[in-house]
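One file, run.pdb, is given below (PDB, C-alpha atoms, pLDDT in the B column).
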ATOM      1  CA  MET A 210      75.247  83.719  63.718  1.00 47.00           C
ATOM      2  CA  HIS A 211      75.982  83.543  67.432  1.00 52.00           C
ATOM      3  CA  ALA A 212      79.282  84.704  68.902  1.00 53.00           C
ATOM      4  CA  PRO A 213      81.398  81.859  70.302  1.00 60.00           C
ATOM      5  CA  ALA A 214      80.770  81.173  73.960  1.00 68.00           C
ATOM      6  CA  SER A 215      83.391  82.408  76.398  1.00 80.00           C
ATOM      7  CA  PRO A 216      85.490  79.583  77.853  1.00 88.00           C
ATOM      8  CA  PRO A 217      84.637  78.758  81.448  1.00 92.00           C
ATOM      9  CA  PRO A 218      86.802  79.967  84.332  1.00 95.00           C
ATOM     10  CA  ILE A 219      89.638  77.737  85.452  1.00 96.00           C
ATOM     11  CA  ASP A 220      88.314  75.293  88.034  1.00 96.00           C
ATOM     12  CA  PRO A 221      89.276  76.622  91.501  1.00 96.00           C
ATOM     13  CA  ASP A 222      90.652  73.246  92.597  1.00 96.00           C
ATOM     14  CA  LEU A 223      92.843  73.042  89.491  1.00 97.00           C
ATOM     15  CA  LEU A 224      94.022  76.619  89.952  1.00 97.00           C
ATOM     16  CA  LEU A 225      94.937  76.001  93.577  1.00 96.00           C
ATOM     17  CA  LEU A 226      96.713  72.762  92.668  1.00 97.00           C
ATOM     18  CA  ALA A 227      98.769  74.691  90.122  1.00 97.00           C
ATOM     19  CA  TYR A 228      99.915  77.177  92.766  1.00 97.00           C
ATOM     20  CA  ARG A 229     100.748  74.368  95.156  1.00 96.00           C
ATOM     21  CA  SER A 230     102.904  72.930  92.363  1.00 97.00           C
ATOM     22  CA  GLY A 231     104.696  76.211  91.645  1.00 97.00           C
ATOM     23  CA  ILE A 232     102.929  77.248  88.424  1.00 97.00           C
ATOM     24  CA  PHE A 233     100.345  79.881  87.562  1.00 97.00           C
ATOM     25  CA  PRO A 234      98.279  80.982  84.526  1.00 97.00           C
ATOM     26  CA  MET A 235      98.718  83.974  82.236  1.00 96.00           C
ATOM     27  CA  ALA A 236      97.213  85.180  78.954  1.00 94.00           C
ATOM     28  CA  ASP A 237      98.625  87.136  76.039  1.00 92.00           C
ATOM     29  CA  ALA A 238      95.952  89.846  76.058  1.00 90.00           C
ATOM     30  CA  ARG A 239      92.822  91.041  77.815  1.00 89.00           C
ATOM     31  CA  GLY A 240      90.513  89.481  75.223  1.00 89.00           C
ATOM     32  CA  ASP A 241      92.477  86.253  74.777  1.00 91.00           C
ATOM     33  CA  PRO A 242      90.284  83.221  75.589  1.00 91.00           C
ATOM     34  CA  ASP A 243      93.346  80.973  75.939  1.00 94.00           C
ATOM     35  CA  ILE A 244      95.710  80.702  78.876  1.00 95.00           C
ATOM     36  CA  PHE A 245      99.168  79.258  79.301  1.00 95.00           C
ATOM     37  CA  TRP A 246     100.820  77.924  82.433  1.00 97.00           C
ATOM     38  CA  VAL A 247     104.003  79.601  83.643  1.00 96.00           C
ATOM     39  CA  GLU A 248     106.807  77.915  85.574  1.00 96.00           C
ATOM     40  CA  PRO A 249     109.528  80.572  85.930  1.00 95.00           C
ATOM     41  CA  ARG A 250     113.146  79.451  85.998  1.00 96.00           C
ATOM     42  CA  HIS A 251     113.844  82.371  88.310  1.00 96.00           C
ATOM     43  CA  ARG A 252     111.375  83.512  90.964  1.00 97.00           C
ATOM     44  CA  ALA A 253     111.077  86.724  92.950  1.00 97.00           C
ATOM     45  CA  ILE A 254     110.276  86.373  96.640  1.00 97.00           C
ATOM     46  CA  LEU A 255     110.045  88.939  99.401  1.00 97.00           C
ATOM     47  CA  PRO A 256     111.379  87.494 102.676  1.00 96.00           C
ATOM     48  CA  LEU A 257     108.944  88.545 105.370  1.00 95.00           C
ATOM     49  CA  ASP A 258     111.774  89.471 107.725  1.00 92.00           C
ATOM     50  CA  SER A 259     113.563  91.581 105.088  1.00 91.00           C
ATOM     51  CA  PHE A 260     110.903  94.077 104.035  1.00 95.00           C
ATOM     52  CA  HIS A 261     112.538  97.450 103.423  1.00 94.00           C
ATOM     53  CA  CYS A 262     110.501 100.358 104.708  1.00 94.00           C
ATOM     54  CA  SER A 263     112.123 103.554 103.468  1.00 94.00           C
ATOM     55  CA  ARG A 264     111.931 106.760 105.454  1.00 94.00           C
ATOM     56  CA  SER A 265     109.564 108.249 102.901  1.00 95.00           C
ATOM     57  CA  LEU A 266     107.247 105.226 103.084  1.00 96.00           C
ATOM     58  CA  ALA A 267     107.339 105.289 106.883  1.00 96.00           C
ATOM     59  CA  LYS A 268     106.222 108.930 106.762  1.00 96.00           C
ATOM     60  CA  VAL A 269     103.303 108.055 104.484  1.00 96.00           C
ATOM     61  CA  LEU A 270     102.286 105.206 106.786  1.00 97.00           C
ATOM     62  CA  ARG A 271     102.461 107.405 109.890  1.00 95.00           C
ATOM     63  CA  ARG A 272     100.553 110.174 108.157  1.00 95.00           C
ATOM     64  CA  GLY A 273      97.650 107.831 107.462  1.00 94.00           C
ATOM     65  CA  THR A 274      97.240 109.085 103.904  1.00 94.00           C
ATOM     66  CA  PHE A 275      95.282 105.959 102.976  1.00 97.00           C
ATOM     67  CA  GLU A 276      92.626 103.890 104.655  1.00 97.00           C
ATOM     68  CA  VAL A 277      93.666 100.274 104.136  1.00 98.00           C
ATOM     69  CA  THR A 278      91.265  97.324 104.063  1.00 98.00           C
ATOM     70  CA  CYS A 279      91.365  93.629 103.240  1.00 98.00           C
ATOM     71  CA  ASN A 280      88.913  91.808 100.959  1.00 97.00           C
ATOM     72  CA  GLN A 281      86.535  94.759 100.826  1.00 98.00           C
ATOM     73  CA  ALA A 282      86.759  95.282  97.056  1.00 98.00           C
ATOM     74  CA  PHE A 283      88.402  92.232  95.504  1.00 98.00           C
ATOM     75  CA  ALA A 284      86.535  92.539  92.194  1.00 98.00           C
ATOM     76  CA  ALA A 285      87.423  96.221  91.878  1.00 98.00           C
ATOM     77  CA  VAL A 286      91.099  95.543  92.639  1.00 98.00           C
ATOM     78  CA  ILE A 287      91.499  92.836  90.020  1.00 97.00           C
ATOM     79  CA  GLU A 288      89.599  94.965  87.503  1.00 96.00           C
ATOM     80  CA  ALA A 289      91.988  97.854  88.163  1.00 96.00           C
ATOM     81  CA  CYS A 290      95.013  95.545  87.862  1.00 95.00           C
ATOM     82  CA  ALA A 291      93.654  94.364  84.495  1.00 93.00           C
ATOM     83  CA  GLY A 292      93.268  97.912  83.208  1.00 86.00           C
ATOM     84  CA  PRO A 293      95.431  99.564  80.533  1.00 75.00           C
ATOM     85  CA  ARG A 294      99.133  99.567  81.353  1.00 67.00           C
ATOM     86  CA  ARG A 295     101.149 102.758  81.587  1.00 66.00           C
ATOM     87  CA  ASP A 296     103.567 101.533  78.933  1.00 59.00           C
ATOM     88  CA  GLY A 297     100.689 101.055  76.497  1.00 55.00           C
ATOM     89  CA  GLY A 298     101.030  97.280  76.423  1.00 63.00           C
ATOM     90  CA  ASP A 299      98.150  94.878  76.909  1.00 70.00           C
ATOM     91  CA  THR A 300      97.493  93.129  80.198  1.00 84.00           C
ATOM     92  CA  TRP A 301      98.095  89.452  80.890  1.00 88.00           C
ATOM     93  CA  ILE A 302      94.931  89.396  83.049  1.00 94.00           C
ATOM     94  CA  SER A 303      92.344  88.236  80.548  1.00 94.00           C
ATOM     95  CA  ASP A 304      88.627  88.170  81.167  1.00 95.00           C
ATOM     96  CA  ARG A 305      88.841  84.417  81.721  1.00 96.00           C
ATOM     97  CA  ILE A 306      91.655  84.803  84.260  1.00 96.00           C
ATOM     98  CA  GLU A 307      89.727  87.568  86.046  1.00 97.00           C
ATOM     99  CA  ARG A 308      86.664  85.330  86.321  1.00 97.00           C
ATOM    100  CA  SER A 309      88.856  82.475  87.541  1.00 97.00           C
ATOM    101  CA  TYR A 310      90.279  84.505  90.426  1.00 97.00           C
ATOM    102  CA  LEU A 311      86.858  85.835  91.336  1.00 98.00           C
ATOM    103  CA  ALA A 312      85.766  82.205  91.705  1.00 97.00           C
ATOM    104  CA  LEU A 313      88.872  81.430  93.765  1.00 97.00           C
ATOM    105  CA  HIS A 314      88.133  84.453  95.960  1.00 97.00           C
ATOM    106  CA  HIS A 315      84.614  83.116  96.482  1.00 96.00           C
ATOM    107  CA  GLU A 316      86.216  79.864  97.685  1.00 94.00           C
ATOM    108  CA  GLY A 317      88.324  81.817 100.209  1.00 95.00           C
ATOM    109  CA  HIS A 318      91.755  81.384  98.599  1.00 95.00           C
ATOM    110  CA  ALA A 319      92.257  84.699  96.788  1.00 97.00           C
ATOM    111  CA  HIS A 320      92.534  87.954  98.727  1.00 98.00           C
ATOM    112  CA  SER A 321      93.032  91.653  98.193  1.00 98.00           C
ATOM    113  CA  ILE A 322      94.455  94.622 100.048  1.00 98.00           C
ATOM    114  CA  GLU A 323      92.840  97.962  99.183  1.00 98.00           C
ATOM    115  CA  CYS A 324      94.022 101.549  99.671  1.00 98.00           C
ATOM    116  CA  TRP A 325      91.344 104.243  99.821  1.00 98.00           C
ATOM    117  CA  HIS A 326      91.616 108.037  99.730  1.00 97.00           C
ATOM    118  CA  HIS A 327      88.524 110.072 100.555  1.00 96.00           C
ATOM    119  CA  GLY A 328      86.362 107.041  99.781  1.00 96.00           C
ATOM    120  CA  GLN A 329      87.974 106.349  96.400  1.00 98.00           C
ATOM    121  CA  LEU A 330      89.926 103.176  95.615  1.00 98.00           C
ATOM    122  CA  VAL A 331      93.393 104.435  94.659  1.00 98.00           C
ATOM    123  CA  GLY A 332      95.622 101.382  95.000  1.00 97.00           C
ATOM    124  CA  GLY A 333      95.846  97.783  96.009  1.00 98.00           C
ATOM    125  CA  LEU A 334      96.986  94.275  95.247  1.00 98.00           C
ATOM    126  CA  TYR A 335      95.610  90.754  95.087  1.00 98.00           C
ATOM    127  CA  GLY A 336      96.976  87.237  95.263  1.00 97.00           C
ATOM    128  CA  VAL A 337      96.436  83.622  96.237  1.00 97.00           C
ATOM    129  CA  GLY A 338      96.897  82.273  99.765  1.00 96.00           C
ATOM    130  CA  PHE A 339      97.342  78.690 100.942  1.00 94.00           C
ATOM    131  CA  ASP A 340      99.463  76.628 103.355  1.00 92.00           C
ATOM    132  CA  ARG A 341     101.398  79.597 104.835  1.00 94.00           C
ATOM    133  CA  VAL A 342     102.154  80.827 101.313  1.00 96.00           C
ATOM    134  CA  PHE A 343     100.910  83.983  99.617  1.00 97.00           C
ATOM    135  CA  CYS A 344     101.476  84.405  95.885  1.00 97.00           C
ATOM    136  CA  GLY A 345     101.129  88.046  94.913  1.00 96.00           C
ATOM    137  CA  GLU A 346      99.554  88.378  91.482  1.00 96.00           C
ATOM    138  CA  SER A 347      99.357  92.060  90.626  1.00 96.00           C
ATOM    139  CA  MET A 348      99.120  95.531  92.122  1.00 95.00           C
ATOM    140  CA  PHE A 349      98.039  98.952  90.952  1.00 95.00           C
ATOM    141  CA  SER A 350      98.368 102.543  92.067  1.00 95.00           C
ATOM    142  CA  ARG A 351      96.439 105.670  91.165  1.00 96.00           C
ATOM    143  CA  MET A 352      98.235 107.833  93.735  1.00 96.00           C
ATOM    144  CA  PRO A 353     101.906 107.968  94.695  1.00 96.00           C
ATOM    145  CA  ASP A 354     102.879 105.330  97.292  1.00 96.00           C
ATOM    146  CA  ALA A 355      99.491 103.573  97.285  1.00 97.00           C
ATOM    147  CA  SER A 356     100.860 100.229  96.098  1.00 95.00           C
ATOM    148  CA  LYS A 357     103.812 100.501  98.494  1.00 96.00           C
ATOM    149  CA  VAL A 358     101.447 101.035 101.418  1.00 97.00           C
ATOM    150  CA  ALA A 359      99.361  98.060 100.288  1.00 98.00           C
ATOM    151  CA  LEU A 360     102.483  95.897 100.199  1.00 97.00           C
ATOM    152  CA  ALA A 361     103.578  97.072 103.652  1.00 97.00           C
ATOM    153  CA  PHE A 362     100.185  96.124 105.086  1.00 98.00           C
ATOM    154  CA  LEU A 363     100.340  92.786 103.264  1.00 98.00           C
ATOM    155  CA  VAL A 364     103.734  91.904 104.751  1.00 97.00           C
ATOM    156  CA  ALA A 365     102.650  92.944 108.243  1.00 97.00           C
ATOM    157  CA  ALA A 366      99.423  90.936 108.004  1.00 97.00           C
ATOM    158  CA  LEU A 367     101.267  87.882 106.685  1.00 96.00           C
ATOM    159  CA  ARG A 368     103.665  88.067 109.618  1.00 95.00           C
ATOM    160  CA  PHE A 369     100.702  88.058 111.979  1.00 94.00           C
ATOM    161  CA  ALA A 370      99.257  85.122 110.045  1.00 93.00           C
ATOM    162  CA  ARG A 371     102.582  83.281 110.472  1.00 92.00           C
ATOM    163  CA  ALA A 372     103.087  82.910 106.737  1.00 95.00           C
ATOM    164  CA  SER A 373     106.399  81.467 105.580  1.00 94.00           C
ATOM    165  CA  LEU A 374     106.640  82.549 101.947  1.00 97.00           C
ATOM    166  CA  LEU A 375     105.633  85.642  99.983  1.00 98.00           C
ATOM    167  CA  ASP A 376     105.979  84.874  96.272  1.00 97.00           C
ATOM    168  CA  CYS A 377     106.249  87.900  93.966  1.00 96.00           C
ATOM    169  CA  GLN A 378     106.653  85.784  90.802  1.00 95.00           C
ATOM    170  CA  PHE A 379     108.773  88.151  88.654  1.00 94.00           C
ATOM    171  CA  MET A 380     111.365  90.638  89.876  1.00 94.00           C
ATOM    172  CA  THR A 381     110.804  94.338  89.153  1.00 93.00           C
ATOM    173  CA  PRO A 382     112.822  97.411  90.189  1.00 92.00           C
ATOM    174  CA  HIS A 383     109.849  98.459  92.323  1.00 90.00           C
ATOM    175  CA  LEU A 384     109.872  95.175  94.266  1.00 93.00           C
ATOM    176  CA  ALA A 385     113.654  95.214  94.598  1.00 95.00           C
ATOM    177  CA  THR A 386     113.498  98.516  96.479  1.00 93.00           C
ATOM    178  CA  MET A 387     111.102  96.870  98.948  1.00 94.00           C
ATOM    179  CA  GLY A 388     113.432  93.971  99.738  1.00 94.00           C
ATOM    180  CA  ALA A 389     112.484  91.363  97.128  1.00 96.00           C
ATOM    181  CA  ARG A 390     115.177  89.076  95.748  1.00 96.00           C
ATOM    182  CA  GLU A 391     115.386  86.565  92.926  1.00 97.00           C
ATOM    183  CA  ILE A 392     116.049  82.862  93.484  1.00 97.00           C
ATOM    184  CA  ASP A 393     116.324  79.811  91.244  1.00 97.00           C
ATOM    185  CA  GLU A 394     113.288  77.649  90.582  1.00 97.00           C
ATOM    186  CA  ALA A 395     114.718  74.738  92.588  1.00 97.00           C
ATOM    187  CA  ASP A 396     115.205  76.958  95.648  1.00 98.00           C
ATOM    188  CA  TYR A 397     111.686  78.334  95.286  1.00 98.00           C
ATOM    189  CA  LEU A 398     110.158  74.853  95.089  1.00 97.00           C
ATOM    190  CA  GLU A 399     112.100  73.866  98.206  1.00 97.00           C
ATOM    191  CA  LEU A 400     110.671  76.856 100.099  1.00 97.00           C
ATOM    192  CA  LEU A 401     107.202  76.082  98.736  1.00 97.00           C
ATOM    193  CA  ARG A 402     107.351  72.448  99.873  1.00 96.00           C
ATOM    194  CA  ALA A 403     108.686  73.458 103.276  1.00 95.00           C
ATOM    195  CA  ALA A 404     105.862  75.936 103.811  1.00 94.00           C
ATOM    196  CA  GLN A 405     103.243  73.355 102.878  1.00 92.00           C
ATOM    197  CA  ALA A 406     104.832  70.691 105.064  1.00 91.00           C
ATOM    198  CA  SER A 407     104.964  73.016 108.056  1.00 85.00           C
ATOM    199  CA  ALA A 408     101.325  73.967 107.552  1.00 85.00           C
ATOM    200  CA  ALA A 409     100.315  70.314 107.405  1.00 82.00           C
ATOM    201  CA  ALA A 410     102.326  69.493 110.537  1.00 76.00           C
ATOM    202  CA  GLY A 411     101.250  72.602 112.421  1.00 70.00           C
ATOM    203  CA  ASP A 412     104.864  73.532 113.127  1.00 58.00           C
ATOM    204  CA  ALA A 413     105.712  76.995 114.441  1.00 48.00           C
ATOM    205  CA  VAL A 414     107.948  77.953 111.526  1.00 42.00           C
ATOM    206  CA  GLY A 415     108.221  81.010 109.353  1.00 39.00           C
ATOM    207  CA  VAL A 416     108.515  84.310 111.192  1.00 40.00           C
ATOM    208  CA  GLY A 417     110.033  83.613 114.587  1.00 34.00           C
ATOM    209  CA  LEU A 418     108.577  84.758 117.890  1.00 26.00           C
ATOM    210  CA  ALA A 419     111.211  87.446 118.276  1.00 31.00           C
ATOM    211  CA  GLU A 420     110.333  88.929 114.901  1.00 44.00           C
ATOM    212  CA  GLY A 421     106.634  88.523 115.578  1.00 45.00           C
ATOM    213  CA  ALA A 422     107.027  90.263 118.909  1.00 39.00           C
ATOM    214  CA  ALA A 423     108.413  93.265 117.072  1.00 48.00           C
ATOM    215  CA  LEU A 424     105.036  93.443 115.383  1.00 46.00           C
ATOM    216  CA  GLY A 425     103.161  93.105 118.660  1.00 45.00           C
ATOM    217  CA  VAL A 426     102.747  89.326 118.688  1.00 45.00           C
ATOM    218  CA  GLY A 427     103.443  87.647 121.989  1.00 36.00           C
ATOM    219  CA  GLU A 428     103.656  83.989 122.937  1.00 32.00           C
ATOM    220  CA  GLY A 429     100.013  84.040 123.917  1.00 33.00           C
ATOM    221  CA  ASP A 430      99.052  84.899 120.352  1.00 43.00           C
ATOM    222  CA  VAL A 431     100.530  81.933 118.516  1.00 40.00           C
ATOM    223  CA  ASP A 432      97.455  79.699 118.678  1.00 42.00           C
ATOM    224  CA  GLY A 433      96.507  81.069 115.272  1.00 41.00           C
ATOM    225  CA  LEU A 434      99.592  79.777 113.452  1.00 45.00           C
ATOM    226  CA  GLY A 435      98.859  79.523 109.770  1.00 54.00           C
ATOM    227  CA  LEU A 436      95.821  81.797 109.722  1.00 70.00           C
ATOM    228  CA  ALA A 437      94.669  83.146 106.390  1.00 89.00           C
ATOM    229  CA  LEU A 438      95.515  86.673 105.276  1.00 95.00           C
ATOM    230  CA  PRO A 439      92.167  88.206 106.371  1.00 95.00           C
ATOM    231  CA  ASP A 440      92.678  86.841 109.895  1.00 94.00           C
ATOM    232  CA  GLY A 441      96.239  88.140 109.969  1.00 95.00           C
ATOM    233  CA  PHE A 442      94.984  91.526 108.803  1.00 96.00           C
ATOM    234  CA  ALA A 443      92.347  91.572 111.553  1.00 95.00           C
ATOM    235  CA  ALA A 444      94.987  90.612 114.137  1.00 94.00           C
ATOM    236  CA  LEU A 445      97.195  93.433 112.893  1.00 95.00           C
ATOM    237  CA  LEU A 446      94.421  95.991 113.347  1.00 95.00           C
ATOM    238  CA  ALA A 447      93.583  94.600 116.790  1.00 95.00           C
ATOM    239  CA  ALA A 448      97.210  94.821 117.908  1.00 94.00           C
ATOM    240  CA  ALA A 449      97.466  98.429 116.752  1.00 94.00           C
ATOM    241  CA  ASP A 450      94.210  99.295 118.471  1.00 92.00           C
ATOM    242  CA  GLY A 451      95.428  97.621 121.656  1.00 90.00           C
ATOM    243  CA  LEU A 452      98.390  99.988 121.678  1.00 89.00           C
ATOM    244  CA  SER A 453      96.160 103.000 120.906  1.00 82.00           C
ATOM    245  CA  SER A 454      98.018 103.463 117.648  1.00 88.00           C
ATOM    246  CA  SER A 455      96.932 103.867 114.059  1.00 93.00           C
ATOM    247  CA  PRO A 456      97.705 100.780 111.950  1.00 95.00           C
ATOM    248  CA  GLY A 457     100.011 102.759 109.677  1.00 96.00           C
ATOM    249  CA  ASN A 458     102.001 104.225 112.564  1.00 95.00           C
ATOM    250  CA  PHE A 459     102.167 100.809 114.209  1.00 95.00           C
ATOM    251  CA  ILE A 460     103.552  99.206 111.028  1.00 96.00           C
ATOM    252  CA  ALA A 461     106.018 102.027 110.365  1.00 94.00           C
ATOM    253  CA  GLN A 462     107.403 101.800 113.889  1.00 91.00           C
ATOM    254  CA  ALA A 463     107.703  98.019 113.737  1.00 90.00           C
ATOM    255  CA  PHE A 464     109.415  97.933 110.354  1.00 89.00           C
ATOM    256  CA  THR A 465     111.846 100.749 111.086  1.00 79.00           C
ATOM    257  CA  GLN A 466     112.827  98.988 114.331  1.00 70.00           C
ATOM    258  CA  THR A 467     113.462  95.658 112.604  1.00 59.00           C
ATOM    259  CA  SER A 468     114.891  96.770 109.235  1.00 51.00           C
TER     260      SER A 468
END
Same coordinates, now as C-alpha cells:
Amino acid sequence: MHAPASPPPIDPDLLLLAYRSGIFPMADARGDPDIFWVEPRHRAILPLDSFHCSRSLAKVLRRGTFEVTCNQAFAAVIEACAGPRRDGGDTWISDRIERSYLALHHEGHAHSIECWHHGQLVGGLYGVGFDRVFCGESMFSRMPDASKVALAFLVAALRFARASLLDCQFMTPHLATMGAREIDEADYLELLRAAQASAAAGDAVGVGLAEGAALGVGEGDVDGLGLALPDGFAALLAAADGLSSSPGNFIAQAFTQTS
C-alpha cells in the first residue's frame, strides 16, 4: 500500500492574492496536510517611523555581533522557524506551508533576513513583500538579540525601500517592546488598501523624506520608490558604506536619533 501523496503547495498567485486581501494561511501542526485561512479581527503592525531601538539593542548593533544578510538562506530560515517551539507546542508552519513559501520566494515575493555568528546561522525572519507592504511571518533566535537585530535591519531596509506598512500579524510582548501596536481589522485593511493604491499610482507616500534622510536617504535617492526588500537592503548597505560606517552602527545611530 502506498502512502497518500502530499498535497501540492499553495499556488503562489493564490497565496499572494490572499495577502493582498488581508488573509494568510496556517496549519495546526507540522505534519498537517490541511491549511486554514486566517483573517484576524485584531492585527499587529509596526509603524516604520516608530521602531523602538533600546540602548542595549543599539549597543549590539554598534558592536557588530552579527553579520546580517538578506535572502542568502531563505530555506534555512523558514526551516528554523518551523522547528520545535520553546514552549513544547507544535508549529503552525507545516511542510505544505513551508513548500508554499519556498515557491513564493522563488517567484520573488518572499524574503528573509539572516543573522550569522562565526559563519553559523543564529537568527532571522521571513515574510511576504508586495505593493509597499511587508507581512512578517515568523522569526527565530539561537543567540540573545539575534531576532531583534534582524528586525532592526528589516525596518531600516523597508524604510529605504519606501514601504508603507509592516504587518506583524499577531501581537506579542517581544514585538510590543520594539514599537508594534495592535489595530482593528478595518483599520488594517484601510492601511493595506492605501499602500497598494500608492504603489499602483507611484505616489511618494509612506516614510517621508525627512524620516528617510535620517537614514541617509536624500532627495536624489527617491527614484526607487517602492523597491522590494532586497533592493532596500542593498541601498541600506550602500548608504552605510558611503559614510564609512558599519551597517549596524549606521542603523543604531539613525534609530537613536529618530526614536
Any chance you could work out the residue set of the PyMOL selection byres ((chain A and resi 271) around 7) here, as a CSV table (one decimal) with C-alpha atoms, keeping the file's coordinate frame?
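Output saved as part.csv:
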chain,number,residue,atom,x,y,z
A,267,ALA,CA,107.3,105.3,106.9
A,268,LYS,CA,106.2,108.9,106.8
A,269,VAL,CA,103.3,108.1,104.5
A,270,LEU,CA,102.3,105.2,106.8
A,272,ARG,CA,100.6,110.2,108.2
A,273,GLY,CA,97.6,107.8,107.5
A,457,GLY,CA,100.0,102.8,109.7
A,458,ASN,CA,102.0,104.2,112.6
A,461,ALA,CA,106.0,102.0,110.4
**Item:** Chain and number of each residue from the PyMOL selection byres ((chain A and resi 233) around 9), as a ChimeraX atom specification
**Value:** /A:224-225,227-228,230-232,234-235,245-248
**Request:** Please evaluate the PyMOL selection byres ((chain A and resi 254-259) around 6) against the structure above and give the resulting residues as number ranges by chain.
**Result:** A: 253, 260, 375-377, 388-390
**Request:** Between CA of Gly333 (chain A) and CA of Ser309 (chain A), measure the distance and give it in Å to one decimal.
**Result:** 18.8 Å
**Asked** Could you pull the residues within 8 Å of region 343-345 of chain A, counting all atoms listed in the file, minus those fewer than 6 positions along the same chain, as a list in words?
**Response**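 My reading of the contact set: Leu334, Tyr335, Gly336, Val337, Ala372, Leu374, Leu375, Asp376, Cys377 and Gln378 of chain A.
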**Asked** Between A:Pro216, A:Gly451, A:Pro293, A:Gly332, which has the minimum distance to Thr274 (chain A) (counting only C-alpha atoms)?
**Response** A:Gly332
**Request:** Could you give me, as a ChimeraX atom specification, the residues within 12 Å of Ala284 (chain A), counting only C-alpha atoms and dropping anything in the same chain fewer than 5 positions from it?
**Result:** /A:289-291,307-315,319-323,330,333-335
**Request:** Kindly indicate which residue among A:Ile306, A:Leu266, A:Ala437, A:Leu384 lies nearest to Val342 (chain A), using only C-alpha atoms for the distances.
**Result:**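 Counting only C-alpha atoms, the residue closest to Val342 (chain A) is A:Ala437.
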